[in-house]
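**Q** Sending over entry_6.txt (compact mmCIF, C-alpha atoms).
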# COMPACT_ATOMS: atom_id res chain seq x y z
CA ASP A 29 -22.81 35.76 29.84
CA GLY A 30 -23.04 33.31 26.96
CA GLY A 31 -24.84 30.11 27.65
CA ILE A 32 -27.84 27.85 27.40
CA THR A 33 -30.91 28.39 29.52
CA GLN A 34 -33.44 25.65 30.12
CA SER A 35 -36.70 26.34 31.88
CA PRO A 36 -38.35 25.38 34.04
CA LYS A 37 -35.96 23.39 36.21
CA TYR A 38 -38.81 21.20 37.48
CA LEU A 39 -42.06 20.47 35.64
CA PHE A 40 -45.06 18.40 36.58
CA ARG A 41 -47.48 17.01 34.03
CA LYS A 42 -50.85 15.45 34.49
CA GLU A 43 -51.88 12.44 32.45
CA GLY A 44 -53.05 13.48 28.97
CA GLN A 45 -51.46 16.91 29.03
CA ASN A 46 -48.98 18.40 26.61
CA VAL A 47 -46.10 20.34 28.15
CA THR A 48 -43.39 22.45 26.55
CA LEU A 49 -39.80 22.67 27.73
CA SER A 50 -37.87 25.78 26.85
CA CYS A 51 -34.29 25.98 25.59
CA GLU A 52 -32.68 29.32 24.72
CA GLN A 53 -29.06 29.96 23.73
CA ASN A 54 -26.98 33.07 23.10
CA LEU A 55 -23.86 31.26 21.88
CA ASN A 56 -24.76 31.85 18.22
CA HIS A 57 -24.52 28.11 17.59
CA ASP A 58 -26.30 26.66 14.58
CA ALA A 59 -27.00 23.19 15.97
CA MET A 60 -29.30 22.41 18.87
CA TYR A 61 -30.22 19.08 20.41
CA TRP A 62 -32.68 17.55 22.88
CA TYR A 63 -31.67 14.52 24.91
CA ARG A 64 -33.60 12.41 27.37
CA GLN A 65 -31.74 10.92 30.33
CA ASP A 66 -32.96 7.92 32.31
CA PRO A 67 -30.88 6.12 34.95
CA GLY A 68 -28.55 3.56 33.39
CA GLN A 69 -29.43 4.51 29.80
CA GLY A 70 -27.19 7.47 29.17
CA LEU A 71 -28.43 10.26 26.96
CA ARG A 72 -30.78 9.36 24.15
CA LEU A 73 -31.29 11.77 21.28
CA ILE A 74 -34.87 12.97 20.77
CA TYR A 75 -34.55 15.65 18.07
CA TYR A 76 -31.81 17.81 16.64
CA SER A 77 -31.65 20.86 14.40
CA GLN A 78 -28.75 22.04 12.27
CA ILE A 79 -30.39 25.23 11.02
CA VAL A 80 -33.45 27.40 11.52
CA ASN A 81 -36.70 25.89 10.22
CA ASP A 82 -35.17 22.45 9.89
CA PHE A 83 -34.90 19.55 12.33
CA GLN A 84 -34.43 15.79 12.31
CA LYS A 85 -35.74 12.97 14.44
CA GLY A 86 -33.32 11.30 16.77
CA ASP A 87 -33.55 7.80 18.17
CA ILE A 88 -36.62 8.28 20.38
CA ALA A 89 -38.72 10.99 18.71
CA GLU A 90 -42.13 9.32 19.16
CA GLY A 91 -44.38 11.35 21.44
CA TYR A 92 -42.30 14.51 21.13
CA SER A 93 -42.36 17.53 18.82
CA VAL A 94 -40.06 20.51 18.28
CA SER A 95 -39.84 23.75 16.35
CA ARG A 96 -36.91 25.91 15.30
CA GLU A 97 -38.31 29.28 14.29
CA LYS A 98 -35.37 31.24 15.66
CA LYS A 99 -31.69 30.39 15.90
CA GLU A 100 -31.73 31.06 19.63
CA SER A 101 -34.67 28.87 20.56
CA PHE A 102 -35.49 25.15 20.28
CA PRO A 103 -38.55 24.28 22.41
CA LEU A 104 -39.53 20.66 23.02
CA THR A 105 -43.17 19.62 23.47
CA VAL A 106 -43.87 16.40 25.28
CA THR A 107 -47.25 15.27 23.99
CA SER A 108 -49.85 13.03 25.55
CA ALA A 109 -48.69 10.33 23.11
CA GLN A 110 -45.47 9.96 25.10
CA LYS A 111 -46.49 7.21 27.53
CA ASN A 112 -43.54 7.41 29.88
CA PRO A 113 -42.39 11.04 29.95
CA THR A 114 -40.90 11.12 33.45
CA ALA A 115 -37.19 11.82 32.87
CA PHE A 116 -34.44 14.40 32.92
CA TYR A 117 -34.30 16.42 29.69
CA LEU A 118 -31.14 18.11 28.49
CA CYS A 119 -30.73 20.68 25.75
CA ALA A 120 -27.38 21.11 24.01
CA THR A 121 -25.84 23.24 21.28
CA ASN A 122 -22.73 23.18 19.17
CA ARG A 123 -21.03 24.65 16.12
CA GLY A 124 -20.53 21.98 13.49
CA GLY A 125 -17.92 19.41 14.45
CA THR A 126 -17.18 20.83 17.87
CA GLU A 127 -18.07 19.88 21.41
CA ALA A 128 -21.60 20.26 22.71
CA PHE A 129 -22.54 22.68 25.46
CA PHE A 130 -25.36 21.70 27.79
CA GLY A 131 -28.04 23.45 29.73
CA GLN A 132 -28.78 22.57 33.35
CA GLY A 133 -31.71 20.35 32.46
CA THR A 134 -35.43 20.07 33.18
CA ARG A 135 -36.80 17.31 35.36
CA LEU A 136 -40.26 16.31 34.17
CA THR A 137 -42.53 14.26 36.41
CA VAL A 138 -45.96 12.86 35.63
CA VAL A 139 -48.39 13.23 38.51
CA ALA B 18 -25.65 2.00 13.41
CA GLN B 19 -23.67 4.42 15.46
CA SER B 20 -23.08 3.20 19.00
CA VAL B 21 -20.92 3.98 21.99
CA THR B 22 -20.21 1.38 24.67
CA GLN B 23 -19.14 2.05 28.22
CA PRO B 24 -18.87 -1.46 29.64
CA ASP B 25 -18.62 -0.47 33.31
CA ILE B 26 -21.84 0.83 34.87
CA HIS B 27 -20.24 1.43 38.27
CA ILE B 28 -16.62 1.73 39.33
CA THR B 29 -15.35 2.19 42.89
CA VAL B 30 -11.78 3.31 43.56
CA SER B 31 -9.94 4.45 46.66
CA GLU B 32 -8.92 8.05 46.95
CA GLY B 33 -5.40 8.44 45.56
CA ALA B 34 -5.67 5.37 43.34
CA SER B 35 -5.49 5.49 39.58
CA LEU B 36 -8.57 5.38 37.38
CA GLU B 37 -9.38 4.16 33.89
CA LEU B 38 -12.86 4.38 32.37
CA ARG B 39 -13.39 2.48 29.16
CA CYS B 40 -15.14 3.62 25.98
CA ASN B 41 -15.54 1.84 22.64
CA TYR B 42 -17.42 3.10 19.60
CA SER B 43 -18.60 1.80 16.27
CA TYR B 44 -17.45 3.86 13.30
CA GLY B 45 -15.47 3.52 10.10
CA ALA B 46 -13.61 6.82 9.88
CA THR B 47 -12.06 8.85 12.65
CA PRO B 48 -14.85 10.39 14.67
CA TYR B 49 -14.84 13.28 17.04
CA LEU B 50 -14.54 11.96 20.61
CA PHE B 51 -15.49 13.52 23.92
CA TRP B 52 -15.65 12.78 27.63
CA TYR B 53 -18.15 14.61 29.81
CA VAL B 54 -18.80 14.58 33.55
CA GLN B 55 -22.14 15.08 35.28
CA SER B 56 -22.92 15.78 38.92
CA PRO B 57 -26.38 14.73 40.15
CA GLY B 58 -29.20 16.87 38.76
CA GLN B 59 -26.85 18.99 36.67
CA GLY B 60 -25.94 19.42 33.04
CA LEU B 61 -22.82 17.90 31.47
CA GLN B 62 -19.37 19.47 31.61
CA LEU B 63 -16.74 18.75 28.97
CA LEU B 64 -13.59 17.10 30.33
CA LEU B 65 -11.67 16.71 27.08
CA LYS B 66 -12.01 16.18 23.35
CA TYR B 67 -10.20 14.59 20.43
CA PHE B 68 -10.53 15.77 16.86
CA SER B 69 -7.17 14.89 15.27
CA GLY B 70 -3.43 14.92 15.90
CA ASP B 71 -1.79 13.62 19.05
CA THR B 72 -3.76 10.62 20.25
CA LEU B 73 -3.14 11.40 23.92
CA VAL B 74 -5.21 14.39 24.96
CA GLN B 75 -5.16 16.30 28.21
CA GLY B 76 -8.26 17.70 29.82
CA ILE B 77 -9.41 19.57 32.87
CA LYS B 78 -9.14 18.35 36.46
CA GLY B 79 -6.07 16.21 35.68
CA PHE B 80 -7.84 13.83 33.29
CA GLU B 81 -6.39 12.47 30.07
CA ALA B 82 -7.63 10.14 27.35
CA GLU B 83 -6.01 8.10 24.63
CA PHE B 84 -7.48 7.45 21.19
CA LYS B 85 -6.62 4.03 19.79
CA ARG B 86 -7.90 3.65 16.25
CA SER B 87 -7.10 -0.06 16.04
CA GLN B 88 -9.26 -0.77 19.08
CA SER B 89 -11.95 1.88 18.39
CA SER B 90 -11.39 3.04 21.94
CA PHE B 91 -11.09 6.32 23.81
CA ASN B 92 -10.37 5.45 27.45
CA LEU B 93 -10.29 8.10 30.16
CA ARG B 94 -7.55 8.04 32.80
CA LYS B 95 -6.50 9.87 35.93
CA PRO B 96 -3.35 8.97 37.89
CA SER B 97 -4.71 9.88 41.34
CA VAL B 98 -8.42 10.18 42.09
CA HIS B 99 -9.82 12.78 44.49
CA TRP B 100 -13.07 12.41 46.43
CA SER B 101 -14.50 15.30 44.38
CA ASP B 102 -14.18 13.20 41.21
CA ALA B 103 -17.19 11.11 42.28
CA ALA B 104 -19.75 11.68 39.50
CA GLU B 105 -21.11 10.08 36.34
CA TYR B 106 -18.89 10.07 33.27
CA PHE B 107 -20.09 9.91 29.69
CA CYS B 108 -18.19 9.13 26.52
CA ALA B 109 -19.60 10.70 23.35
CA VAL B 110 -18.89 10.41 19.65
CA GLY B 111 -19.66 12.97 16.95
CA TYR B 112 -20.71 11.70 13.56
CA LEU B 113 -20.39 14.53 11.09
CA GLU B 114 -21.73 12.62 8.11
CA TYR B 115 -24.93 11.90 10.03
CA GLY B 116 -25.83 15.55 10.39
CA ASN B 117 -23.38 16.26 13.19
CA LYS B 118 -25.15 13.74 15.39
CA LEU B 119 -23.73 13.22 18.88
CA VAL B 120 -24.12 9.76 20.37
CA PHE B 121 -23.53 9.07 24.06
CA GLY B 122 -22.61 5.97 25.99
CA ALA B 123 -24.73 4.79 28.91
CA GLY B 124 -22.38 6.35 31.44
CA THR B 125 -20.12 5.10 34.23
CA ILE B 126 -20.82 6.06 37.83
CA LEU B 127 -17.61 6.62 39.77
CA ARG B 128 -17.58 6.16 43.53
CA VAL B 129 -14.52 7.18 45.54
CA LYS B 130 -13.70 5.47 48.85
CA SER B 131 -11.86 7.46 51.47
I'd like the structure from this file rewritten - as structure tokens, please.

**A**
Amino acid sequence: DGGITQSPKYLFRKEGQNVTLSCEQNLNHDAMYWYRQDPGQGLRLIYYSQIVNDFQKGDIAEGYSVSREKKESFPLTVTSAQKNPTAFYLCATNRGGTEAFFGQGTRLTVV
Amino acid sequence: AQSVTQPDIHITVSEGASLELRCNYSYGATPYLFWYVQSPGQGLQLLLKYFSGDTLVQGIKGFEAEFKRSQSSFNLRKPSVHWSDAAEYFCAVGYLEYGNKLVFGAGTILRVKS
């Protein structure tokens, strides 16, 4: 089946740790996105990538990093510089100018 | 700056009543417009989309939306709400000239009274 797979579904991070969230797609879409969702704030764009080996900062990129070495994969690293990382993270893909397709999300909690 | 406004954080309607969720956006040209629905702890599902043509678009689950250029609005409607429609609804706008950037509103939580 075609789709977007995010893993893990739940992730716990200790203070000062870096963690990496996985996003894999087999839709053959060029564009991939990472959004952060907090209650009452909608989805805020962290990073997006239109093509392999290229990506742009979104509105809240500080404390996050990404890579796009393969078309299918767009991992997000939440670094220790992100002071409030507890949130629901959503990965999305699309083909230019079309609707976005979403993964099922990863809930990250700082413990 | 690109922005999408959903002015209603929460809306409560009785089952069988009609529904309208509001969405306004800031943009000069005609953007690509979307409505998504999200159940708790899940990803987002596309309800409908507008790219061009007829300004009244039909979506899944009996939803429709109307694009009004003069008001920069894209309101979502349903004539008769079902209890299963209770969820959070997001309006989104695609800005092709900003690298295909998708901007979302803050969402509207719909509660349905039986």

**Q** Name the closest residue to Cys51 of chain A among the candidates A:Ser93, A:Gln65, A:Gln34, A:Asn122; distances are taken between atoms, counting all atoms listed in the file.

**A** A:Gln34

**Q** With 10 Å as the cut-off and all atoms listed in the file counted, what is the closest atom pair between each nearby residue of chain A and chain B? Distances in Å to one decimal, ordered by chain and number, as CSV.

**A**
residue,atom,partner,partner_atom,distance
A:Lys37,CA,B:Gly58,CA,9.7
A:Ala59,CA,B:Asn117,CA,8.3
A:Tyr61,CA,B:Leu119,CA,8.9
A:Tyr63,CA,B:Phe121,CA,9.8
A:Gln65,CA,B:Ala123,CA,9.4
A:Asp66,CA,B:Ala123,CA,9.4
A:Pro67,CA,B:Ala123,CA,8.7
A:Gly68,CA,B:Ala123,CA,6.0
A:Gln69,CA,B:Ala123,CA,4.8
A:Gly70,CA,B:Ala123,CA,3.6
A:Leu71,CA,B:Phe121,CA,5.8
A:Arg72,CA,B:Phe121,CA,7.3
A:Leu73,CA,B:Val120,CA,7.5
A:Tyr75,CA,B:Lys118,CA,10.0
A:Tyr76,CA,B:Lys118,CA,7.9
A:Ser77,CA,B:Gly116,CA,8.8
A:Gln78,CA,B:Gly116,CA,7.4
A:Gln84,CA,B:Gly116,CA,8.8
A:Gly86,CA,B:Lys118,CA,8.6
A:Asp87,CA,B:Val120,CA,9.9
A:Phe116,CA,B:Gly58,CA,8.2
A:Tyr117,CA,B:Gly60,CA,9.5
A:Leu118,CA,B:Gly60,CA,7.0
A:Cys119,CA,B:Gly60,CA,8.8
A:Ala120,CA,B:Gly60,CA,9.3
A:Asn122,CA,B:Asn117,CA,9.2
A:Arg123,CA,B:Asn117,CA,9.2
A:Gly124,CA,B:Asn117,CA,6.4
A:Gly125,CA,B:Leu113,CA,6.4
A:Thr126,CA,B:Tyr49,CA,7.9
A:Glu127,CA,B:Phe51,CA,7.3
A:Ala128,CA,B:Leu63,CA,8.1
A:Phe129,CA,B:Gln62,CA,7.6
A:Phe130,CA,B:Gly60,CA,5.8
A:Gly131,CA,B:Gly60,CA,5.6
A:Gln132,CA,B:Gly60,CA,4.3
A:Gly133,CA,B:Gly60,CA,5.9
A:Thr134,CA,B:Gly58,CA,9.0
A:Arg135,CA,B:Gly58,CA,8.3

**Q** Name the residues in contact with Arg41 of chain A at a cut-off of 10 Å, using only C-alpha atoms, excluding same-chain residues fewer than 3 positions from it; report them as a PyMOL selection string.

**A** chain A and resi 44-47+106+108+113-114+136-139

**Q** Give me, please, the distance in Å between atom CA of Tyr44 of chain B and atom CA of Phe83 of chain A, quoted to one decimal.

**A**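 So the answer is 23.5 Å.
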
**Q** Determine, counting only C-alpha atoms, which protein, DNA and RNA residues have an atom within 8 Å of an atom of Pro103 of chain A; residues of the same chain fewer than 6 positions away are not included. Present the result as a VMD selection string.

**A** chain A and resid 48 to 51 94 to 96

**Q** Between atom CA of Phe102 of chain A and atom CA of Arg64 of chain A, measure the distance and give it in Å to one decimal.

**A**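 Distance between the two atoms: 14.7 Å.
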
**Q** Find the distance between atom CA of Glu52 of chain A and atom CA of Val54 of chain B and write it in Å to one decimal.

**A** 22.1 Å
